[in-house]
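Everything below concerns the one structure shown next.
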Amino acid sequence: MYKPVDAQFQARAMRTGTVAWLLQRLSGIFLTIYLIIHIIVIGNSVRGEDAFDDLLGIFENPLMLVLDAGLVGVVAFHALNGIRLILFDLAIGLRYQKVLFWIAFIVALGVFIGSAVAVRNIIVD
Amino acid sequence: MAQVELEEKIREAPTPVAGLSFWPWFLQRVTGGALLILLTLHIVVNHIFNIAEVEDDILPGLVIFSDVADRFETPAYWVIALLLLSFALFHGLNGIRNILLDYGLRGTGDKIVTGALLGVGMAAFTFGIIALAAFIA
């Protein structure tokens, strides 16, 4: 009697839905911080063409390019899981919430691998 | 026993946000859907295309001032850039507020946080416009 009722409040039991919720939140915070940094970096355009090109050149080393591929993967996950959440708001697919999470996760992983292959070609060049 | 604990937990849970709660919820979804399309365009056009151009030695680097400036001669890129800037800032900062609301932020605290996030958003938006304008200066 006690357990099934209380289980509704056990958000910290890491089931699929909780993992999805947590990843959406963490990726959202991360992407917002990245957005602010991105605006500041691109804001170096006010310092002129040479200063801008010099600064942006820093981001062409292999480590940064791999991190870029990771960033695209995180964006893809946040976007696809976001679609999942919009569907739930419309009362669509609630029954398939676990499968939909895994679809979002695996497709995002595919986007990351695709991006990694794209940047790999640059690094190997 | 279980019923008493359940009722206690419901009482401790944050009360729903009063007043304007529809629009932030609605706009979070609208900007989210739009960002999916806009960011795909942004990443493919600005980065995937440039990777190909660097490989073919058409471009000297992945992000080049003159390349961005060339793109901004097409008005459609301005529309995309301004939508990206405003939608991404709203979506990110409103998302931060949503998280804080989940932790029970209400009343005066909410007003302070909303004001601060609005300030950050307006400042970043203004800075973004100045940064974009520098490409056509």
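Just remember, in the structure tokens the first chain shown is A, the second B, etc., residues are 1-based per chain, and ligands are 1-based in the order shown.
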- Message: I need the chain A residues near chain B as an NGL selection string; criterion: at most 8 Å, counting only C-alpha atoms.
- Response: :A and (1-2 or 5-6 or 25 or 28-29 or 31-32 or 35-36 or 39 or 42-46 or 48-49 or 52-53 or 56-57 or 60 or 79 or 82-83 or 86 or 118-119 or 121-122 or 125)
- Task: Would you list, as a PyMOL selection string, the residues of chain B that end up in helix (DSSP H, G or I) under DSSP run on this structure's backbone?
- Result: chain B and resi 2-12+22-55+65-71+75-102+107-133
- Message: Please list as a PyMOL selection string every residue within 12 Å of segment 14-23 of chain B, counting only C-alpha atoms and excluding residues in the same chain fewer than 2 positions away.
- Response: chain B and resi 9-12+25-31+94+97-98+100-107+110-111
